[in-house]
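S.K.: mmCIF, C-alpha atoms, saved as query.cif, coming up:
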data_upload
loop_
_atom_site.label_atom_id
_atom_site.label_comp_id
_atom_site.auth_asym_id
_atom_site.auth_seq_id
_atom_site.Cartn_x
_atom_site.Cartn_y
_atom_site.Cartn_z
CA MET A 1 8.33 -37.61 -4.02
CA SER A 2 8.51 -37.32 -7.77
CA SER A 3 6.96 -34.42 -9.64
CA VAL A 4 3.26 -35.25 -9.53
CA ALA A 5 1.74 -32.71 -11.81
CA THR A 6 2.24 -29.46 -13.64
CA PHE A 7 -0.24 -26.70 -12.95
CA ALA A 8 -1.10 -23.45 -14.67
CA TYR A 9 -0.52 -21.09 -11.78
CA TYR A 10 -3.01 -18.29 -11.06
CA PRO A 11 -1.89 -16.40 -7.93
CA GLY A 12 -4.66 -13.76 -7.87
CA CYS A 13 -4.35 -10.03 -7.19
CA SER A 14 -4.31 -10.14 -3.36
CA LEU A 15 -1.27 -12.41 -3.35
CA GLU A 16 0.71 -9.83 -5.30
CA GLY A 17 0.29 -7.01 -2.84
CA LEU A 18 -1.41 -7.54 0.50
CA ALA A 19 -0.22 -11.07 1.13
CA ALA A 20 3.05 -11.56 -0.71
CA GLU A 21 4.27 -13.65 2.25
CA ALA A 22 1.49 -16.20 1.67
CA GLU A 23 2.61 -16.68 -1.91
CA GLU A 24 6.30 -16.93 -0.99
CA ALA A 25 5.43 -19.58 1.56
CA PHE A 26 3.31 -21.49 -0.94
CA LEU A 27 6.15 -21.47 -3.49
CA LYS A 28 8.49 -22.97 -0.86
CA ILE A 29 6.00 -25.78 -0.23
CA ALA A 30 5.50 -26.35 -3.97
CA ALA A 31 9.28 -26.63 -4.41
CA TYR A 32 9.50 -29.06 -1.50
CA TRP A 33 6.88 -31.39 -2.98
CA GLU A 34 8.23 -30.82 -6.50
CA ILE A 35 5.00 -29.32 -7.81
CA GLU A 36 5.66 -27.68 -11.13
CA LEU A 37 3.99 -24.31 -11.70
CA VAL A 38 3.72 -22.41 -14.96
CA GLU A 39 2.32 -18.93 -14.34
CA ILE A 40 -0.55 -18.12 -16.72
CA PRO A 41 0.86 -15.52 -19.12
CA ASP A 42 -0.60 -12.01 -18.73
CA TRP A 43 -3.30 -13.28 -16.35
CA ASN A 44 -6.02 -10.78 -15.42
CA CYS A 45 -8.14 -10.28 -12.32
CA CYS A 46 -11.05 -12.75 -12.07
CA GLY A 47 -13.47 -9.89 -11.28
CA SER A 48 -13.96 -11.14 -7.72
CA SER A 49 -17.25 -10.19 -6.05
CA SER A 50 -17.59 -6.84 -7.79
CA ALA A 51 -17.84 -7.98 -11.40
CA HIS A 52 -20.68 -10.44 -10.85
CA SER A 53 -22.41 -7.94 -8.56
CA LEU A 54 -22.57 -5.23 -11.22
CA CYS A 55 -22.36 -7.01 -14.58
CA GLY A 56 -22.74 -10.73 -15.23
CA GLU A 57 -21.29 -10.63 -18.72
CA LEU A 58 -18.17 -8.79 -17.58
CA ALA A 59 -17.62 -11.38 -14.84
CA ARG A 60 -17.98 -14.17 -17.36
CA ASN A 61 -15.59 -12.62 -19.89
CA LEU A 62 -12.91 -11.93 -17.28
CA THR A 63 -12.82 -15.55 -16.15
CA TRP A 64 -12.98 -16.74 -19.75
CA ARG A 65 -9.92 -14.69 -20.67
CA VAL A 66 -7.97 -16.45 -17.92
CA LEU A 67 -9.01 -19.84 -19.32
CA ALA A 68 -8.22 -18.76 -22.88
CA SER A 69 -4.71 -17.73 -21.72
CA LEU A 70 -3.81 -21.19 -20.40
CA PRO A 71 -0.62 -22.63 -21.86
CA ASP A 72 -1.37 -25.35 -24.45
CA ASN A 73 0.01 -28.33 -22.59
CA VAL A 74 -1.27 -27.51 -19.10
CA SER A 75 -4.94 -28.01 -18.35
CA GLN A 76 -5.18 -27.73 -14.56
CA VAL A 77 -5.33 -24.26 -13.06
CA LEU A 78 -4.04 -23.90 -9.51
CA THR A 79 -5.35 -20.95 -7.50
CA LEU A 80 -4.39 -19.70 -4.05
CA CYS A 81 -7.44 -17.51 -3.43
CA PRO A 82 -10.87 -19.03 -2.71
CA SER A 83 -12.62 -16.11 -4.42
CA CYS A 84 -10.63 -16.62 -7.65
CA PHE A 85 -11.27 -20.37 -7.26
CA ASP A 86 -15.02 -19.80 -6.98
CA ARG A 87 -15.17 -17.35 -9.91
CA LEU A 88 -13.01 -19.49 -12.21
CA ARG A 89 -15.12 -22.57 -11.44
CA VAL A 90 -18.27 -20.65 -12.33
CA GLY A 91 -16.56 -19.31 -15.48
CA LEU A 92 -15.54 -22.81 -16.58
CA PHE A 93 -19.07 -24.09 -15.92
CA GLU A 94 -20.47 -21.31 -18.11
CA ALA A 95 -17.88 -21.93 -20.85
CA ARG A 96 -18.95 -25.59 -21.01
CA LYS A 97 -22.61 -24.49 -21.07
CA SER A 98 -22.12 -21.96 -23.92
CA PRO A 99 -19.06 -23.15 -25.91
CA GLU A 100 -20.09 -21.12 -28.99
CA ASP A 101 -20.02 -17.85 -27.06
CA PHE A 102 -16.60 -18.78 -25.73
CA SER A 103 -15.29 -19.60 -29.21
CA ASN A 104 -16.69 -16.38 -30.67
CA LEU A 105 -14.80 -14.31 -28.13
CA PHE A 106 -11.49 -16.17 -27.92
CA ASP A 107 -11.18 -18.09 -31.16
CA GLN A 108 -10.77 -21.45 -29.43
CA LYS A 109 -13.03 -24.07 -27.91
CA PRO A 110 -13.15 -24.68 -24.17
CA ASN A 111 -10.82 -27.62 -23.58
CA PRO A 112 -12.61 -30.62 -22.02
CA SER A 113 -9.61 -31.34 -19.81
CA TRP A 114 -9.56 -27.89 -18.16
CA ASP A 115 -9.98 -28.04 -14.42
CA ILE A 116 -9.75 -25.52 -11.58
CA ARG A 117 -7.91 -26.64 -8.44
CA HIS A 118 -7.42 -24.97 -5.09
CA PHE A 119 -4.09 -25.29 -3.31
CA VAL A 120 -5.62 -26.71 -0.11
CA LYS A 121 -6.95 -29.75 -1.99
CA VAL A 122 -3.80 -30.13 -4.08
CA LEU A 123 -1.48 -29.99 -1.06
CA ALA A 124 -3.68 -32.27 1.06
CA ASP A 125 -2.91 -35.14 -1.32
CA PHE A 126 0.78 -35.14 -0.37
CA PRO A 127 2.08 -37.49 2.37
CA TRP A 128 2.36 -35.00 5.24
CA LYS A 129 2.40 -37.88 7.73
CA LYS A 130 5.83 -38.85 6.47
CA ILE A 131 7.33 -35.59 7.76
CA LYS A 132 9.34 -36.66 10.77
CA GLY A 133 9.59 -35.11 14.20
CA LYS A 134 6.13 -33.47 14.61
CA PRO A 135 7.58 -30.02 13.88
CA LEU A 136 4.44 -28.06 14.89
CA SER A 137 3.87 -29.85 18.20
CA GLY A 138 2.88 -27.63 21.08
CA LEU A 139 0.86 -25.29 18.86
CA ARG A 140 -2.89 -25.09 19.60
CA ILE A 141 -4.63 -23.88 16.46
CA ALA A 142 -8.18 -22.95 15.49
CA PRO A 143 -8.59 -23.57 11.74
CA TYR A 144 -10.57 -20.97 9.80
CA TYR A 145 -11.92 -21.66 6.32
CA GLY A 146 -14.16 -18.67 5.72
CA CYS A 147 -17.10 -19.03 3.38
CA LEU A 148 -15.98 -19.34 -0.22
CA LEU A 149 -14.07 -22.60 -0.54
CA TYR A 150 -16.98 -25.00 -0.91
CA GLY A 151 -19.33 -23.03 -3.14
CA PRO A 152 -21.16 -22.30 -5.32
CA ALA A 153 -23.98 -24.68 -4.46
CA LYS A 154 -24.87 -25.37 -8.10
CA LEU A 155 -21.49 -27.07 -8.66
CA PRO A 156 -20.41 -30.29 -6.95
CA PRO A 157 -18.40 -29.69 -3.74
CA PRO A 158 -14.77 -29.33 -4.80
CA MET A 159 -13.29 -30.94 -1.71
CA GLU A 160 -14.14 -32.64 1.54
CA ASP A 161 -14.06 -31.04 4.99
CA GLY A 162 -11.06 -31.19 7.28
CA LEU A 163 -8.14 -30.89 4.86
CA MET A 164 -6.29 -28.11 6.72
CA GLU A 165 -6.82 -30.07 9.93
CA LYS A 166 -5.39 -33.22 8.34
CA MET A 167 -2.17 -31.52 7.21
CA LEU A 168 -1.63 -29.54 10.41
CA THR A 169 -2.30 -32.56 12.63
CA ALA A 170 0.17 -34.63 10.62
CA LEU A 171 2.77 -31.96 11.37
CA GLY A 172 2.07 -32.33 15.09
CA ALA A 173 -0.18 -29.32 15.75
CA GLU A 174 -3.18 -29.61 18.05
CA VAL A 175 -6.16 -28.53 15.93
CA ILE A 176 -9.20 -27.38 17.91
CA PRO A 177 -12.67 -27.55 16.35
CA TRP A 178 -14.71 -24.39 16.96
CA ARG A 179 -17.98 -22.78 15.97
CA TYR A 180 -16.72 -20.12 13.52
CA VAL A 181 -14.78 -22.42 11.22
CA LYS A 182 -16.83 -21.48 8.12
CA GLN A 183 -18.24 -18.11 9.23
CA CYS A 184 -17.96 -15.33 6.62
CA CYS A 185 -15.44 -12.65 7.68
CA GLY A 186 -17.42 -9.83 6.04
CA THR A 187 -14.93 -9.68 3.16
CA TYR A 188 -14.94 -6.44 1.13
CA LEU A 189 -17.44 -4.75 3.46
CA SER A 190 -14.29 -4.06 5.50
CA VAL A 191 -13.78 -1.02 3.25
CA ALA A 192 -17.33 0.36 3.05
CA LYS A 193 -18.62 -0.86 6.46
CA PRO A 194 -15.56 -1.24 8.73
CA ASP A 195 -17.56 -1.18 11.98
CA PHE A 196 -19.71 -4.06 10.78
CA VAL A 197 -16.67 -6.21 9.97
CA SER A 198 -15.03 -5.25 13.28
CA GLY A 199 -18.12 -6.69 15.00
CA ILE A 200 -17.83 -10.03 13.19
CA VAL A 201 -14.10 -10.24 13.85
CA ARG A 202 -14.51 -9.28 17.51
CA ARG A 203 -16.95 -12.17 18.07
CA MET A 204 -14.56 -14.61 16.40
CA MET A 205 -11.49 -13.39 18.26
CA MET A 206 -13.27 -13.46 21.63
CA GLU A 207 -14.32 -17.05 20.98
CA ALA A 208 -10.79 -18.01 19.90
CA GLN A 209 -9.50 -16.52 23.14
CA ARG A 210 -12.15 -18.35 25.16
CA ILE A 211 -11.16 -21.75 23.75
CA GLN A 212 -7.54 -20.85 24.52
CA VAL A 213 -5.90 -21.42 21.17
CA ASP A 214 -2.46 -19.97 20.45
CA CYS A 215 -3.39 -18.74 17.00
CA LEU A 216 -5.75 -18.96 14.04
CA VAL A 217 -4.83 -20.29 10.62
CA THR A 218 -6.60 -19.66 7.32
CA HIS A 219 -5.96 -20.45 3.66
CA CYS A 220 -7.81 -17.27 2.57
CA VAL A 221 -5.81 -14.05 2.28
CA MET A 222 -8.92 -11.86 2.47
CA CYS A 223 -9.98 -13.51 5.74
CA GLN A 224 -6.44 -13.25 7.11
CA MET A 225 -6.33 -9.56 6.28
CA ASN A 226 -9.73 -8.83 7.83
CA LEU A 227 -8.94 -10.76 11.01
CA GLU A 228 -5.69 -8.84 11.44
CA MET A 229 -7.03 -5.40 10.46
CA ARG A 230 -10.28 -5.55 12.42
CA ALA A 231 -9.16 -7.45 15.54
CA PRO A 232 -10.05 -5.70 18.80
CA ALA A 233 -7.06 -3.89 20.31
CA GLN A 234 -7.10 -5.94 23.53
CA ILE A 235 -6.67 -9.27 21.74
CA ASP A 236 -3.27 -10.22 20.41
CA LEU A 237 -3.82 -13.55 18.72
CA PRO A 238 -1.68 -14.25 15.64
CA VAL A 239 -3.46 -15.20 12.41
CA PHE A 240 -1.30 -17.32 10.13
CA HIS A 241 -1.62 -18.05 6.46
CA LEU A 242 -1.94 -21.82 6.04
CA SER A 243 1.04 -21.78 3.70
CA GLU A 244 3.23 -20.17 6.36
CA LEU A 245 2.55 -22.89 8.93
CA LEU A 246 2.96 -25.70 6.40
CA ALA A 247 6.27 -24.20 5.26
CA LEU A 248 7.28 -23.88 8.91
CA GLY A 249 6.54 -27.57 9.38
CA LEU A 250 8.70 -28.40 6.37
CA GLY A 251 11.57 -26.33 7.76
CA GLN A 252 11.21 -23.84 4.90
CA ALA A 253 9.89 -20.75 6.71
CA ARG A 254 11.46 -17.29 6.46
CA ILE A 255 11.36 -14.89 9.39
CA ASN A 256 10.55 -11.99 7.05
CA TRP A 257 7.06 -13.37 6.37
CA PHE A 258 6.14 -13.07 10.03
CA LYS A 259 7.47 -9.53 10.26
CA LYS A 260 4.80 -8.44 7.76
CA HIS A 261 1.94 -9.41 10.06
CA LEU A 262 -0.16 -6.73 11.76
CA LEU A 263 -0.64 -9.05 14.79
CA ASP A 264 2.95 -10.00 15.57
CA PRO A 265 3.37 -13.81 15.59
CA LEU A 266 7.10 -13.77 16.45
CA PRO A 267 6.71 -13.87 20.27
CA LEU A 268 4.52 -16.98 19.96
CA LEU A 269 6.85 -18.72 17.50
CA LEU A 270 9.88 -17.98 19.69
CA LYS A 271 8.11 -19.06 22.88
CA LYS A 272 7.18 -22.39 21.30
CA GLY A 273 10.67 -22.83 19.93
CA LEU A 274 9.40 -22.92 16.36
CA LEU A 275 11.84 -20.39 14.95
CA MET B 276 -37.15 -6.38 -15.25
CA GLU B 277 -37.95 -9.38 -17.51
CA LYS B 278 -35.00 -11.32 -16.15
CA ILE B 279 -36.59 -11.26 -12.71
CA ALA B 280 -40.19 -11.73 -13.82
CA GLU B 281 -39.36 -14.87 -15.80
CA ARG B 282 -37.96 -16.65 -12.73
CA ASP B 283 -40.07 -18.89 -10.54
CA PHE B 284 -39.90 -17.87 -6.89
CA SER B 285 -42.66 -20.20 -5.72
CA PHE B 286 -40.07 -22.75 -4.55
CA CYS B 287 -39.30 -20.57 -1.55
CA LEU B 288 -41.12 -21.74 1.57
CA THR B 289 -40.29 -18.48 3.42
CA CYS B 290 -39.16 -20.70 6.28
CA GLN B 291 -36.54 -18.10 7.30
CA THR B 292 -33.68 -20.61 7.42
CA CYS B 293 -31.70 -18.35 5.07
CA THR B 294 -32.11 -15.38 7.37
CA ASN B 295 -31.16 -17.38 10.46
CA GLY B 296 -27.79 -18.23 8.93
CA CYS B 297 -27.03 -14.89 7.26
CA PRO B 298 -24.05 -13.01 8.75
CA CYS B 299 -25.16 -9.67 7.27
CA VAL B 300 -28.72 -9.26 8.59
CA SER B 301 -27.77 -6.44 10.97
CA LEU B 302 -27.18 -4.18 7.94
CA MET B 303 -30.31 -5.22 6.05
CA ASP B 304 -33.68 -3.49 5.70
CA TYR B 305 -35.53 -6.48 4.28
CA LEU B 306 -34.24 -9.84 5.51
CA PRO B 307 -33.40 -12.50 2.89
CA HIS B 308 -36.64 -14.48 3.35
CA GLN B 309 -38.63 -11.23 3.28
CA LEU B 310 -37.02 -10.33 -0.02
CA MET B 311 -37.99 -13.72 -1.40
CA ARG B 312 -41.56 -12.98 -0.28
CA LEU B 313 -41.50 -9.61 -2.06
CA LEU B 314 -40.46 -11.40 -5.24
CA GLN B 315 -43.26 -13.94 -4.85
CA TRP B 316 -45.68 -11.02 -4.58
CA GLU B 317 -44.05 -9.48 -7.66
CA LYS B 318 -43.18 -6.34 -5.73
CA PHE B 319 -40.08 -6.01 -7.87
CA GLU B 320 -39.49 -2.31 -7.43
CA GLU B 321 -39.47 -2.63 -3.65
CA ALA B 322 -36.98 -5.48 -3.96
CA LEU B 323 -34.73 -3.48 -6.29
CA ASN B 324 -34.86 -0.54 -3.94
CA SER B 325 -33.73 -2.52 -0.89
CA LYS B 326 -30.39 -2.18 0.88
CA ALA B 327 -30.26 -5.92 1.53
CA ILE B 328 -29.39 -6.83 -2.07
CA TRP B 329 -26.22 -4.68 -1.75
CA VAL B 330 -25.32 -5.80 1.75
CA CYS B 331 -25.20 -9.49 0.74
CA VAL B 332 -21.56 -10.50 0.15
CA GLY B 333 -22.43 -13.85 -1.44
CA CYS B 334 -21.06 -16.10 1.31
CA ASN B 335 -23.65 -18.76 0.40
CA ALA B 336 -24.52 -19.61 4.01
CA CYS B 337 -28.19 -19.18 3.04
CA THR B 338 -27.97 -21.53 0.06
CA GLN B 339 -26.22 -24.20 2.07
CA ALA B 340 -28.95 -24.03 4.71
CA CYS B 341 -31.96 -23.67 2.37
CA PRO B 342 -34.14 -26.82 2.31
CA MET B 343 -35.03 -26.00 -1.31
CA GLY B 344 -31.44 -25.24 -2.35
CA ILE B 345 -32.31 -21.74 -3.62
CA GLU B 346 -29.25 -19.70 -4.57
CA ILE B 347 -30.26 -16.38 -3.09
CA PRO B 348 -26.89 -14.68 -3.84
CA GLU B 349 -27.40 -15.41 -7.53
CA ILE B 350 -30.89 -13.88 -7.39
CA PHE B 351 -29.40 -10.82 -5.66
CA ASP B 352 -26.84 -10.53 -8.49
CA ILE B 353 -29.70 -10.15 -10.95
CA LEU B 354 -31.57 -7.74 -8.67
CA ARG B 355 -28.46 -5.53 -8.28
CA GLN B 356 -27.92 -5.36 -12.00
CA GLU B 357 -31.59 -4.49 -12.56
CA ALA B 358 -31.44 -1.91 -9.76
CA ILE B 359 -28.53 -0.16 -11.51
CA LYS B 360 -30.48 -0.07 -14.79
CA ALA B 361 -33.53 1.32 -12.99
CA GLY B 362 -31.42 3.93 -11.12
CA LEU B 363 -32.47 2.52 -7.75
CA VAL B 364 -29.24 1.89 -5.85
CA ALA B 365 -30.17 2.00 -2.14
CA GLU B 366 -26.64 1.38 -0.80
CA LYS B 367 -24.53 3.93 -2.67
CA GLY B 368 -21.43 3.28 -0.52
CA ILE B 369 -21.24 -0.42 -1.36
CA TYR B 370 -22.06 0.23 -5.01
CA GLU B 371 -19.22 2.77 -5.09
CA PHE B 372 -16.80 0.18 -3.70
CA HIS B 373 -17.66 -2.24 -6.52
CA ARG B 374 -17.39 0.60 -9.03
CA GLN B 375 -13.94 1.66 -7.85
CA MET B 376 -12.80 -1.97 -7.83
CA LEU B 377 -13.87 -2.45 -11.44
CA LEU B 378 -12.37 0.90 -12.48
CA SER B 379 -9.02 -0.25 -11.05
CA LEU B 380 -9.40 -3.53 -12.94
CA LYS B 381 -10.26 -1.64 -16.13
CA ARG B 382 -7.17 0.58 -15.81
CA HIS B 383 -4.61 -2.16 -15.16
CA GLY B 384 -6.16 -5.55 -15.86
CA ARG B 385 -5.52 -6.49 -12.24
CA VAL B 386 -6.65 -4.86 -9.02
CA ASN B 387 -4.37 -2.93 -6.73
CA GLU B 388 -6.11 -2.98 -3.35
CA PHE B 389 -4.28 0.05 -2.05
CA GLU B 390 -5.23 2.20 -5.02
CA LEU B 391 -8.79 0.92 -4.81
CA THR B 392 -9.16 1.68 -1.10
CA LEU B 393 -7.61 5.13 -1.47
CA ALA B 394 -9.83 6.00 -4.45
CA TYR B 395 -12.87 4.79 -2.51
CA LYS B 396 -12.17 6.74 0.68
CA LEU B 397 -11.47 9.92 -1.33
CA LYS B 398 -14.59 9.58 -3.48
CA GLU B 399 -16.73 8.96 -0.40
CA ARG B 400 -14.99 11.85 1.39
CA ARG B 401 -14.04 9.53 4.28
CA PHE B 402 -10.60 11.15 4.51
CA PHE B 403 -9.63 10.15 8.03
CA GLU B 404 -11.04 6.65 8.24
CA ASP B 405 -8.45 3.87 8.56
CA VAL B 406 -5.53 6.29 8.08
CA ARG B 407 -3.58 4.80 11.01
CA LEU B 408 -4.25 1.32 9.70
CA GLY B 409 -3.03 2.37 6.26
CA LEU B 410 0.21 3.77 7.69
CA LYS B 411 0.79 0.60 9.69
CA MET B 412 0.28 -1.50 6.58
CA PHE B 413 2.66 0.73 4.67
CA ALA B 414 5.28 0.28 7.38
CA LYS B 415 4.83 -3.49 7.14
CA ALA B 416 5.42 -3.33 3.37
CA LYS B 417 1.96 -4.76 2.70
CA ILE B 418 1.20 -2.02 0.23
CA LYS B 419 2.35 -2.33 -3.32
CA LEU B 420 2.54 1.08 -4.92
CA LYS B 421 3.22 0.21 -8.51
CA PRO B 422 0.26 -1.32 -10.33
CA VAL B 423 0.88 -3.98 -12.97
CA ARG B 424 -0.03 -3.20 -16.56
CA LEU B 425 -1.13 -6.12 -18.68
CA LYS B 426 -0.49 -6.57 -22.38
CA GLY B 427 -4.13 -7.52 -22.83
CA ARG B 428 -5.49 -4.27 -21.34
CA LYS B 429 -7.25 -3.35 -24.58
CA GLN B 430 -9.10 -6.64 -24.77
CA ILE B 431 -10.10 -6.30 -21.13
CA ARG B 432 -11.32 -2.73 -21.66
CA ALA B 433 -13.55 -3.97 -24.46
CA PHE B 434 -15.32 -6.23 -21.92
CA PHE B 435 -16.47 -3.08 -20.13
CA GLU B 436 -18.38 -1.69 -23.12
CA LYS B 437 -21.56 -3.38 -21.93
CA CYS B 438 -20.86 -2.46 -18.34
CA PRO B 439 -20.88 1.33 -17.97
CA LEU B 440 -19.45 2.44 -14.64
#
Show this structure as structure tokens.
M.R.:
Amino acid sequence: MSSVATFAYYPGCSLEGLAAEAEEAFLKIAAYWEIELVEIPDWNCCGSSSAHSLCGELARNLTWRVLASLPDNVSQVLTLCPSCFDRLRVGLFEARKSPEDFSNLFDQKPNPSWDIRHFVKVLADFPWKKIKGKPLSGLRIAPYYGCLLYGPAKLPPPMEDGLMEKMLTALGAEVIPWRYVKQCCGTYLSVAKPDFVSGIVRRMMMEAQRIQVDCLVTHCVMCQMNLEMRAPAQIDLPVFHLSELLALGLGQARINWFKKHLLDPLPLLLKKGLL
Amino acid sequence: MEKIAERDFSFCLTCQTCTNGCPCVSLMDYLPHQLMRLLQWEKFEEALNSKAIWVCVGCNACTQACPMGIEIPEIFDILRQEAIKAGLVAEKGIYEFHRQMLLSLKRHGRVNEFELTLAYKLKERRFFEDVRLGLKMFAKAKIKLKPVRLKGRKQIRAFFEKCPL
């Protein structure tokens, strides 16, 4: 378990506020596997869905500034958020397509070795099977990917299916395939159209209850937030961040993370003897 | 409107596969395949004036299902931007969300979701919506009150010159 790689770390805005526990958990896992992270200095928001909805050039420039801020000796960006991942991949694609425009704005050429990585793919390459004792056994989980991890269609797929399942199964969890694994959660419409998003989440939660899983797990902080905020009152099914469960499996979890959830996961974790 | 007119929409078979997989159809006036048909007929103003282009969140379910691999969300990006220029925004509430999000980004360089949501609900005069949820999130320390201020704020603000909000 030697240090495999150094990454330029791009947490993304949601990890700073709404889902600080997901980042803390990820940092524990990174330390365990000796992944070295150098936070991108003065990183800005990628523009998310709003920038490319209202102004293509703004969206492009925001992602380009992130790339231009990369430390000299680190060429691989590691993101935690699938929306940032998607936007930065598009930004890099556009920088390679119009290198002169990039140079005019930032006084440097796009580096051919730049690459955008998502933490699910990076973590999946570690030997989770070597973790002894099946620490997550007894937990029935429905994995939830949401919609953004595999896009956009014009770029080659960044990873194969089933990576969350692979890691969680190696840690002893029972992972249940289900129909909503890549369903969109309604994302930012949660603010402008809350009833609409409640409808999507209700259908997903009812199905999760029907297939009798103990909890859901997702790598996406936006999805996690929507599932918790818009869950119907009669359903009390915990929704974990992927990083929390992986950290739990590595014996690195902190009880404080679980206290920040809107759907309290502590009774489940205590019942299963996981805490 | 040139940006739309120069594109070739004849690839679309109007087979409706996009619409069948779209999670947002219940909020749409024109369905995704109907919008593609409008574009084939060059009824651009009707397309720009539709709610559907604002309702789409860009989840790409349509593109993944499309037998011709058409990236409808990317087409909707162009339509939205043209709709703003033409003053034809049919879903003001969703437009306002994007606007407040980008204003927060412009102020700080990063987005503070709490500030964004509060600004949105006040601007839209939806004072009582999600108040209990907000208090619960506050109690769970999910809300970060102090926004970050980047050193590169000036450079980021300059990006907005071509994007009036």
S.K.: What does the structure give for the distance between atom CA of A:Lys271 and atom CA of A:Tyr145, in Å to one decimal?
M.R.: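 So the two atoms, atom CA of A:Lys271 and atom CA of A:Tyr145, lie 26.1 Å apart.
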S.K.: Taking into account all atoms listed in the file, which residue in the set A:Leu18, A:Ala233, A:Ala68, A:Leu80 is nearest to chain B?
M.R.: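 Closest to chain B, using all atoms listed in the file: A:Leu18.
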S.K.: Determine the residue set returned by the PyMOL selection byres ((chain B) within 6 of (chain A)) for the present structure, and present it as number ranges by chain.
M.R.: B: 334, 352, 356, 369, 373, 384-386, 415, 417-419, 425, 434
S.K.: Pull C-alpha atoms from the residues just selected and write them as an mmCIF file, in the coordinates of the input.
M.R.:
data_model
loop_
_atom_site.group_PDB
_atom_site.id
_atom_site.type_symbol
_atom_site.label_atom_id
_atom_site.label_comp_id
_atom_site.auth_asym_id
_atom_site.auth_seq_id
_atom_site.Cartn_x
_atom_site.Cartn_y
_atom_site.Cartn_z
ATOM 1 C CA CYS B 334 -21.060 -16.100 1.310
ATOM 2 C CA ASP B 352 -26.840 -10.530 -8.490
ATOM 3 C CA GLN B 356 -27.920 -5.360 -12.000
ATOM 4 C CA ILE B 369 -21.240 -0.420 -1.360
ATOM 5 C CA HIS B 373 -17.660 -2.240 -6.520
ATOM 6 C CA GLY B 384 -6.160 -5.550 -15.860
ATOM 7 C CA ARG B 385 -5.520 -6.490 -12.240
ATOM 8 C CA VAL B 386 -6.650 -4.860 -9.020
ATOM 9 C CA LYS B 415 4.830 -3.490 7.140
ATOM 10 C CA LYS B 417 1.960 -4.760 2.700
ATOM 11 C CA ILE B 418 1.200 -2.020 0.230
ATOM 12 C CA LYS B 419 2.350 -2.330 -3.320
ATOM 13 C CA LEU B 425 -1.130 -6.120 -18.680
ATOM 14 C CA PHE B 434 -15.320 -6.230 -21.920
#
S.K.: Taking 6 positions as the minimum chain separation for residues in the same chain, which residues sit within 12 Å of stretch 276-293 of chain B when counting all atoms listed in the file? Answer as a PyMOL selection string.
M.R.: chain B and resi 299-300+306-320+322-323+331+334-361
S.K.: If we count all atoms listed in the file, what is near B:Phe435 at a cut-off of 8 Å, once residues fewer than 4 positions away on the same chain are taken out, given as a list in words?
M.R.: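 Listed by chain and then number, they are Leu58 of chain A; Lys381, Ile431 and Pro439 of chain B.
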S.K.: Produce a file of the selected residues containing C-alpha atoms, as a PDB file, in the coordinates of the input.
M.R.:
ATOM      1  CA  LEU A  58     -18.170  -8.790 -17.580  1.00  0.00           C
TER       2      LEU A  58
ATOM      3  CA  LYS B 381     -10.260  -1.640 -16.130  1.00  0.00           C
ATOM      4  CA  ILE B 431     -10.100  -6.300 -21.130  1.00  0.00           C
ATOM      5  CA  PRO B 439     -20.880   1.330 -17.970  1.00  0.00           C
TER       6      PRO B 439
END
S.K.: What residues come out when you apply the PyMOL selection byres ((chain B and resi 409) around 12) to this file, written as a list in words?
M.R.: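 Expected selection for the PyMOL selection byres ((chain B and resi 409) around 12) here is Leu18, Val191, Met229 and Leu262 of chain A; Glu388, Phe389, Glu390, Thr392, Leu393, Lys396, Phe402, Phe403, Glu404, Asp405, Val406, Arg407, Leu408, Leu410, Lys411, Met412, Phe413, Ala414, Lys415, Ala416, Lys417, Ile418 and Lys419 of chain B.
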S.K.: So what do you get for atom CA of A:Ala124 versus atom CA of A:Leu163, distance-wise?
M.R.: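 If I compute the distance from atom CA of A:Ala124 to atom CA of A:Leu163, I get 6.0 Å.
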S.K.: Neighbours of A:Asn111 within 10 Å (all atoms listed in the file; same-chain residues fewer than 4 positions away dropped), as a PyMOL selection string?
M.R.: chain A and resi 67-68+72+75+92+95-96+99+115
S.K.: Have a look at atom CA of A:Trp64 and atom CA of A:Asn104 and let me know their distance in Å, one decimal.
M.R.: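 For atom CA of A:Trp64 relative to atom CA of A:Asn104, the distance reads 11.5 Å.
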S.K.: Write out as a list in words which residues come within 10 Å of A:Lys129 when counting all atoms listed in the file, dropping same-chain ones fewer than 4 positions away.
M.R.: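 Near A:Lys129, the qualifying residues are Lys134, Lys166, Met167, Leu168, Thr169, Ala170, Leu171 and Gly172 of chain A.
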S.K.: May I have the selected residues written with C-alpha atoms, as a PDB file, in the coordinates of the input?
M.R.:
ATOM      1  CA  LYS A 134       6.130 -33.470  14.610  1.00  0.00           C
ATOM      2  CA  LYS A 166      -5.390 -33.220   8.340  1.00  0.00           C
ATOM      3  CA  MET A 167      -2.170 -31.520   7.210  1.00  0.00           C
ATOM      4  CA  LEU A 168      -1.630 -29.540  10.410  1.00  0.00           C
ATOM      5  CA  THR A 169      -2.300 -32.560  12.630  1.00  0.00           C
ATOM      6  CA  ALA A 170       0.170 -34.630  10.620  1.00  0.00           C
ATOM      7  CA  LEU A 171       2.770 -31.960  11.370  1.00  0.00           C
ATOM      8  CA  GLY A 172       2.070 -32.330  15.090  1.00  0.00           C
TER       9      GLY A 172
END
S.K.: From the list A:Ala8, A:Leu269, A:Leu15, A:Ala208, which residue is nearest A:Met225 when using only C-alpha atoms?
M.R.: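 Of A:Ala8, A:Leu269, A:Leu15, A:Ala208, the one nearest A:Met225, counting only C-alpha atoms, is A:Leu15.
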